[in-house]
Amino acid sequence: MSGQPATGDHAAAPRDDAAPWGVPATVQDRDRGAWFPSPRADGERVSVPGLDTTAVLPYAGSRASRRTRWLRAWMMTAPVDIAALLVPLALPHQHWRGTLVMAGLTVAFFAAGGLYRARRHVSFLDELPSLSGRLLACGAIVAIIAALRHGSAEYVLGFTRQVALAAGLVVVGRALTREFTLVARRRRWVEHNAIVIGSGPTAVELARLLRRYPQYGLRFVGCVDAAARPAPSAHPLIGTLDQLEKLVAMVECEVLLIADPGCPEPVLMEVLHRPGNAGCDLWAVPRLWGSRSSGDHIGAIPIVKVGDITLSGPRWALKRASDIAFASLALLLLSPVLLLCAVATFLDGGRDIFFHQERIGRHGRTFRIIKFRSMRPVDEHESRTNWSIAHDRRVGPVGRFMRRTSLDELPQLWNILRGDMSVVGPRPERPYFVEKFSAEYPTYSMRHRAPVGLTGLAQVSGLRGDTPISDRARFDNYYIENWSLWLDAKVLLRTVAEVFRAGGR
């Protein structure tokens, strides 16, 4: 197959048979089997009865790409960067402490600057300014620290030479990895199946660009929209938006491109939040584009990477590790407080100081939550269906104090260690109310994309007790889609403030 783009000098005889999905075929592109209307010599497209737009068809995926779907951008660039930064350790006059600090700081700066994220338009020259700026910043920081620790100018000069060597090797390594990435994409050794959401002009152009230029690393497998068009479409509508979850599994889609969907944004987001779709990488064409774009692009169409809408992969591993560390330390430091709470609960109401109740966790799984008992329900039905006991007279003074200070929640640290819960996340709710609220509020069930939490953004924002469920769901979903360790830290600090203010239930 030729690698030349489809232009007006390669027109072949038109076909009479129809293309798959009912798309009329006109002139076959010799490059990759796509179908285009016959152009005139002056560049204007000839009108074809029943079809006046470009029709784009998918092509068969390569065997190599099926074996390389697990590869991610950072898996090649990060090891090469680290190796380049550690080369000075092999030199005779090594400054091993400074070299290790430089390596760690540089990788952290690169990660924070998005230099390990996947890009559709890969260009070493585009990355060079950001790459150079971060290398200079890291080198300056480490050199200043070395100058403060060692008064010798000769030591600092020798270390600066090693920093310059490492920085130069990083630049060379990045240029080589980017060139290798382009070669692998052009030869279709690495490509990921992509569905375009939309069927308008922008979606048509995106499909055409992906079809003709494999260096973007995406294989166009079809498009979906709010409803299938009755008239012939410019490219194959493989289904409707409601069928997207099934189509993602059927065509092994890994990337979703939002172009110009014919539906309101809330409807689109509800579909994208479904479990089968949430695992795909999500890219979107900005609605207002035409001026300068600071993001990525496919051809001349700007696109932006939409942050992960679910907690998975490295982000989930990082959150789980922080949960284990926090819960272990909290259980150790708060053991005297837990003992005092247990004794007070026993004196207030006798035996059975712990209260166990079934709750719904991540992905709808049930688990038994552990709390200090503040009252005894009449029966199991009351325990499952009674919404609030804030003003129940059966709650004693000890139980009321622990509920206001949230001390009754501390045994849930054990649930966190077991993996039932997280430190920060949506409030765990009972099955009866989960079923009820999911039927009433479409976005409520989306909050189960993440593990439930001991505390959460909704709770520290005042949404506890008798507050609107729709607002709670909105805050919980915002937390999931914008998660970071710093966001967790902010929620924890606000939780501590609430505890000292006795602002609980």
# chains A, B, ... in the order shown; residues from 1 in each chain; ligands from 1
>>> select_by_dssp(residues="region 115-178 of chain A", states="alpha helix (DSSP H)", output="PyMOL selection string")
chain A and resi 124-149+153-178
>>> residues_around(residues="region 278-289 of chain A", least_positions_apart="4", cutoff="6 Å", atoms="only C-alpha atoms", output="list in words")
Glu254, Val255, Leu256, Leu257, Ile258, Ala259, Leu272, His273, Arg274, Ile303, Val304, Lys305 and Val306 of chain A
>>> closest_residue(among="A:Tyr116, A:Gly299, A:Arg72, A:Asp466", to="Ala207 (chain A)", atoms="only C-alpha atoms")
A:Gly299
>>> closest_residue(among="A:Ala83, A:Ala143, A:Ile298, A:Ala342", to="Pro411 (chain A)", atoms="only C-alpha atoms")
A:Ala342
>>> atom_distance(atom1="CA of Leu176 (chain A)", atom2="CA of Val101 (chain A)")
24.6 Å
>>> atom_distance(atom1="CA of Arg211 (chain A)", atom2="CA of Arg178 (chain A)")
21.2 Å
>>> residues_around(residues="His356 (chain A)", least_positions_apart="6", cutoff="9 Å", atoms="only C-alpha atoms", output="JSON, numbers by chain")
{"A": [368, 369, 370, 371, 372, 373]}
>>> select_by_dssp(residues="region 123-242 of chain A", states="strand (DSSP E or B)", output="list in words")
His192, Asn193, Ala194, Ile195, Val196, Ile197, Gly198, Leu218, Arg219, Phe220, Val221, Gly222, Cys223, Val224, Asp225, Leu237, Ile238, Gly239 and Thr240 of chain A
>>> closest_residue(among="A:Arg97, A:Glu179, A:Arg464, A:Ile469", to="Ala439 (chain A)", atoms="only C-alpha atoms")
A:Ile469
>>> residues_around(residues="Gly222 (chain A)", least_positions_apart="6", cutoff="7 Å", atoms="only C-alpha atoms", output="ChimeraX atom specification")
/A:58,195-196,236-238
>>> closest_residue(among="A:His93, A:Thr177, A:Leu410, A:Asp242", to="Leu157 (chain A)", atoms="only C-alpha atoms")
A:His93
>>> closest_residue(among="A:Gly462, A:Ile360, A:Tyr478, A:Val452", to="Val434 (chain A)", atoms="only C-alpha atoms")
A:Ile360
>>> atom_distance(atom1="CA of Trp70 (chain A)", atom2="CA of Pro451 (chain A)")
24.7 Å
>>> residues_around(residues="Met402 (chain A)", least_positions_apart="5", cutoff="10 Å", atoms="only C-alpha atoms", output="number ranges by chain")
A: 341, 344-345, 372-374, 396-397, 407-410, 499, 502, 504-505
>>> residues_around(residues="Arg447 (chain A)", least_positions_apart="3", cutoff="7 Å", atoms="only C-alpha atoms", output="compact mmCIF listing (two decimals) with N, CA, C and O atoms, in the first residue's frame")
# COMPACT_ATOMS: atom_id res chain seq x y z
N PRO A 426 -17.59 9.05 47.79
CA PRO A 426 -19.03 9.25 48.00
C PRO A 426 -19.50 8.54 49.27
O PRO A 426 -18.91 7.53 49.69
N TYR A 444 -27.15 9.53 39.93
CA TYR A 444 -26.82 9.00 41.25
C TYR A 444 -25.97 7.73 41.17
O TYR A 444 -24.98 7.57 41.90
N ALA A 450 -16.40 4.96 41.82
CA ALA A 450 -15.28 5.06 42.76
C ALA A 450 -15.67 4.38 44.07
O ALA A 450 -16.86 4.21 44.36
N ALA A 473 -25.13 13.95 44.55
CA ALA A 473 -24.63 13.21 43.39
C ALA A 473 -23.74 14.09 42.53
O ALA A 473 -22.71 13.62 42.01
N ASP A 476 -20.38 14.41 44.29
CA ASP A 476 -19.64 13.14 44.26
C ASP A 476 -19.04 12.87 42.89
O ASP A 476 -17.89 12.44 42.77
N ASN A 477 -19.82 13.13 41.83
CA ASN A 477 -19.31 12.90 40.48
C ASN A 477 -18.23 13.90 40.12
O ASN A 477 -17.27 13.56 39.41
>>> closest_residue(among="A:Cys253, A:Leu210, A:Leu487, A:Ala84", to="Arg66 (chain A)", atoms="only C-alpha atoms")
A:Cys253
>>> residues_around(residues="Ala330 (chain A)", least_positions_apart="6", cutoff="12 Å", atoms="only C-alpha atoms", output="list of chain:residue names")
A:Ser322, A:Asp323, A:Ile324, A:Pro336, A:Val337, A:Leu338, A:Leu410, A:Pro411, A:Gln412, A:Leu413, A:Trp414, A:Ile416, A:Leu417, A:Val423
>>> write_last_selection(atoms="N, CA, C and O atoms", output="PDB file, in the first residue's frame")
ATOM      1  N   SER A 322      -2.438   5.294  49.111  1.00  0.00           N
ATOM      2  CA  SER A 322      -2.598   6.369  50.098  1.00  0.00           C
ATOM      3  C   SER A 322      -3.647   6.003  51.141  1.00  0.00           C
ATOM      4  O   SER A 322      -3.502   6.353  52.327  1.00  0.00           O
ATOM      5  N   ASP A 323      -4.693   5.285  50.744  1.00  0.00           N
ATOM      6  CA  ASP A 323      -5.720   4.845  51.698  1.00  0.00           C
ATOM      7  C   ASP A 323      -5.129   3.895  52.740  1.00  0.00           C
ATOM      8  O   ASP A 323      -5.398   4.026  53.944  1.00  0.00           O
ATOM      9  N   ILE A 324      -4.348   2.935  52.277  1.00  0.00           N
ATOM     10  CA  ILE A 324      -3.760   1.964  53.201  1.00  0.00           C
ATOM     11  C   ILE A 324      -2.813   2.652  54.181  1.00  0.00           C
ATOM     12  O   ILE A 324      -2.831   2.389  55.394  1.00  0.00           O
ATOM     13  N   PRO A 336      -6.072   5.066  71.273  1.00  0.00           N
ATOM     14  CA  PRO A 336      -6.638   5.478  72.574  1.00  0.00           C
ATOM     15  C   PRO A 336      -8.043   6.074  72.452  1.00  0.00           C
ATOM     16  O   PRO A 336      -8.907   5.816  73.296  1.00  0.00           O
ATOM     17  N   VAL A 337      -8.264   6.848  71.386  1.00  0.00           N
ATOM     18  CA  VAL A 337      -9.591   7.439  71.168  1.00  0.00           C
ATOM     19  C   VAL A 337     -10.615   6.346  70.887  1.00  0.00           C
ATOM     20  O   VAL A 337     -11.749   6.384  71.405  1.00  0.00           O
ATOM     21  N   LEU A 338     -10.239   5.360  70.086  1.00  0.00           N
ATOM     22  CA  LEU A 338     -11.141   4.243  69.788  1.00  0.00           C
ATOM     23  C   LEU A 338     -11.495   3.483  71.059  1.00  0.00           C
ATOM     24  O   LEU A 338     -12.651   3.078  71.255  1.00  0.00           O
ATOM     25  N   LEU A 410     -15.216   6.143  63.134  1.00  0.00           N
ATOM     26  CA  LEU A 410     -13.816   5.722  63.173  1.00  0.00           C
ATOM     27  C   LEU A 410     -13.600   4.224  62.911  1.00  0.00           C
ATOM     28  O   LEU A 410     -12.587   3.856  62.295  1.00  0.00           O
ATOM     29  N   PRO A 411     -14.485   3.305  63.362  1.00  0.00           N
ATOM     30  CA  PRO A 411     -14.252   1.890  63.041  1.00  0.00           C
ATOM     31  C   PRO A 411     -14.213   1.594  61.536  1.00  0.00           C
ATOM     32  O   PRO A 411     -13.727   0.535  61.134  1.00  0.00           O
ATOM     33  N   GLN A 412     -14.700   2.530  60.709  1.00  0.00           N
ATOM     34  CA  GLN A 412     -14.654   2.306  59.261  1.00  0.00           C
ATOM     35  C   GLN A 412     -13.226   2.319  58.727  1.00  0.00           C
ATOM     36  O   GLN A 412     -12.997   1.954  57.572  1.00  0.00           O
ATOM     37  N   LEU A 413     -12.266   2.733  59.545  1.00  0.00           N
ATOM     38  CA  LEU A 413     -10.856   2.608  59.139  1.00  0.00           C
ATOM     39  C   LEU A 413     -10.517   1.154  58.830  1.00  0.00           C
ATOM     40  O   LEU A 413      -9.681   0.874  57.963  1.00  0.00           O
ATOM     41  N   TRP A 414     -11.173   0.233  59.532  1.00  0.00           N
ATOM     42  CA  TRP A 414     -10.954  -1.186  59.241  1.00  0.00           C
ATOM     43  C   TRP A 414     -11.553  -1.552  57.879  1.00  0.00           C
ATOM     44  O   TRP A 414     -10.969  -2.340  57.134  1.00  0.00           O
ATOM     45  N   ILE A 416     -11.640   0.418  55.417  1.00  0.00           N
ATOM     46  CA  ILE A 416     -10.697   0.967  54.429  1.00  0.00           C
ATOM     47  C   ILE A 416      -9.535   0.013  54.226  1.00  0.00           C
ATOM     48  O   ILE A 416      -9.122  -0.258  53.088  1.00  0.00           O
ATOM     49  N   LEU A 417      -8.987  -0.533  55.298  1.00  0.00           N
ATOM     50  CA  LEU A 417      -7.881  -1.488  55.166  1.00  0.00           C
ATOM     51  C   LEU A 417      -8.314  -2.732  54.400  1.00  0.00           C
ATOM     52  O   LEU A 417      -7.525  -3.303  53.631  1.00  0.00           O
ATOM     53  N   VAL A 423     -10.652   6.455  52.023  1.00  0.00           N
ATOM     54  CA  VAL A 423     -10.688   7.531  53.016  1.00  0.00           C
ATOM     55  C   VAL A 423     -11.633   8.637  52.552  1.00  0.00           C
ATOM     56  O   VAL A 423     -12.465   9.129  53.308  1.00  0.00           O
TER      57      VAL A 423
END
>>> decode(residues="region 414-436 of chain A", atoms="N, CA, C and O atoms", output="JSON list (two decimals), in the first residue's frame")
[["chain", "number", "residue", "atom", "x", "y", "z"],
["A", 414, "TRP", "N", -11.17, 0.23, 59.53],
["A", 414, "TRP", "CA", -10.95, -1.19, 59.24],
["A", 414, "TRP", "C", -11.55, -1.55, 57.88],
["A", 414, "TRP", "O", -10.97, -2.34, 57.13],
["A", 415, "ASN", "N", -12.72, -0.98, 57.56],
["A", 415, "ASN", "CA", -13.28, -1.19, 56.22],
["A", 415, "ASN", "C", -12.35, -0.67, 55.13],
["A", 415, "ASN", "O", -12.25, -1.27, 54.05],
["A", 416, "ILE", "N", -11.64, 0.42, 55.42],
["A", 416, "ILE", "CA", -10.70, 0.97, 54.43],
["A", 416, "ILE", "C", -9.54, 0.01, 54.23],
["A", 416, "ILE", "O", -9.12, -0.26, 53.09],
["A", 417, "LEU", "N", -8.99, -0.53, 55.30],
["A", 417, "LEU", "CA", -7.88, -1.49, 55.17],
["A", 417, "LEU", "C", -8.31, -2.73, 54.40],
["A", 417, "LEU", "O", -7.53, -3.30, 53.63],
["A", 418, "ARG", "N", -9.54, -3.16, 54.60],
["A", 418, "ARG", "CA", -10.05, -4.35, 53.91],
["A", 418, "ARG", "C", -10.31, -4.09, 52.43],
["A", 418, "ARG", "O", -10.46, -5.03, 51.65],
["A", 419, "GLY", "N", -10.40, -2.82, 52.03],
["A", 419, "GLY", "CA", -10.67, -2.50, 50.63],
["A", 419, "GLY", "C", -12.13, -2.25, 50.33],
["A", 419, "GLY", "O", -12.48, -2.04, 49.16],
["A", 420, "ASP", "N", -12.99, -2.27, 51.37],
["A", 420, "ASP", "CA", -14.41, -1.98, 51.14],
["A", 420, "ASP", "C", -14.65, -0.51, 50.84],
["A", 420, "ASP", "O", -15.59, -0.16, 50.12],
["A", 421, "MET", "N", -13.80, 0.35, 51.43],
["A", 421, "MET", "CA", -14.01, 1.78, 51.34],
["A", 421, "MET", "C", -12.70, 2.49, 51.06],
["A", 421, "MET", "O", -11.63, 1.87, 51.05],
["A", 422, "SER", "N", -12.80, 3.80, 50.85],
["A", 422, "SER", "CA", -11.65, 4.67, 50.71],
["A", 422, "SER", "C", -11.73, 5.73, 51.81],
["A", 422, "SER", "O", -12.75, 5.86, 52.49],
["A", 423, "VAL", "N", -10.65, 6.45, 52.02],
["A", 423, "VAL", "CA", -10.69, 7.53, 53.02],
["A", 423, "VAL", "C", -11.63, 8.64, 52.55],
["A", 423, "VAL", "O", -12.47, 9.13, 53.31],
["A", 424, "VAL", "N", -11.51, 9.02, 51.29],
["A", 424, "VAL", "CA", -12.36, 10.07, 50.71],
["A", 424, "VAL", "C", -13.13, 9.48, 49.53],
["A", 424, "VAL", "O", -12.54, 8.81, 48.68],
["A", 425, "GLY", "N", -14.42, 9.73, 49.49],
["A", 425, "GLY", "CA", -15.23, 9.20, 48.40],
["A", 425, "GLY", "C", -16.70, 9.50, 48.65],
["A", 425, "GLY", "O", -17.06, 10.14, 49.65],
["A", 426, "PRO", "N", -17.59, 9.05, 47.79],
["A", 426, "PRO", "CA", -19.03, 9.25, 48.00],
["A", 426, "PRO", "C", -19.50, 8.54, 49.27],
["A", 426, "PRO", "O", -18.91, 7.53, 49.69],
["A", 427, "ARG", "N", -20.55, 9.04, 49.86],
["A", 427, "ARG", "CA", -21.09, 8.44, 51.08],
["A", 427, "ARG", "C", -21.64, 7.05, 50.78],
["A", 427, "ARG", "O", -22.41, 6.88, 49.82],
["A", 428, "PRO", "N", -21.30, 6.04, 51.59],
["A", 428, "PRO", "CA", -21.88, 4.70, 51.38],
["A", 428, "PRO", "C", -23.34, 4.69, 51.82],
["A", 428, "PRO", "O", -23.67, 5.14, 52.92],
["A", 429, "GLU", "N", -24.20, 4.19, 50.96],
["A", 429, "GLU", "CA", -25.63, 4.21, 51.27],
["A", 429, "GLU", "C", -26.18, 2.80, 51.29],
["A", 429, "GLU", "O", -25.58, 1.87, 50.75],
["A", 430, "ARG", "N", -27.34, 2.64, 51.91],
["A", 430, "ARG", "CA", -27.99, 1.34, 52.01],
["A", 430, "ARG", "C", -28.65, 0.94, 50.69],
["A", 430, "ARG", "O", -29.05, 1.81, 49.92],
["A", 431, "PRO", "N", -28.77, -0.38, 50.43],
["A", 431, "PRO", "CA", -29.33, -0.84, 49.14],
["A", 431, "PRO", "C", -30.71, -0.27, 48.84],
["A", 431, "PRO", "O", -31.01, 0.07, 47.69],
["A", 432, "TYR", "N", -31.55, -0.13, 49.86],
["A", 432, "TYR", "CA", -32.91, 0.37, 49.65],
["A", 432, "TYR", "C", -32.87, 1.78, 49.05],
["A", 432, "TYR", "O", -33.59, 2.10, 48.10],
["A", 433, "PHE", "N", -32.02, 2.64, 49.61],
["A", 433, "PHE", "CA", -31.96, 4.02, 49.14],
["A", 433, "PHE", "C", -31.18, 4.15, 47.84],
["A", 433, "PHE", "O", -31.47, 5.04, 47.03],
["A", 434, "VAL", "N", -30.19, 3.28, 47.63],
["A", 434, "VAL", "CA", -29.48, 3.31, 46.35],
["A", 434, "VAL", "C", -30.43, 3.00, 45.20],
["A", 434, "VAL", "O", -30.43, 3.67, 44.16],
["A", 435, "GLU", "N", -31.26, 1.99, 45.39],
["A", 435, "GLU", "CA", -32.25, 1.64, 44.35],
["A", 435, "GLU", "C", -33.25, 2.78, 44.15],
["A", 435, "GLU", "O", -33.59, 3.14, 43.02],
["A", 436, "LYS", "N", -33.68, 3.38, 45.24],
["A", 436, "LYS", "CA", -34.67, 4.46, 45.17],
["A", 436, "LYS", "C", -34.08, 5.70, 44.48],
["A", 436, "LYS", "O", -34.68, 6.26, 43.56]]
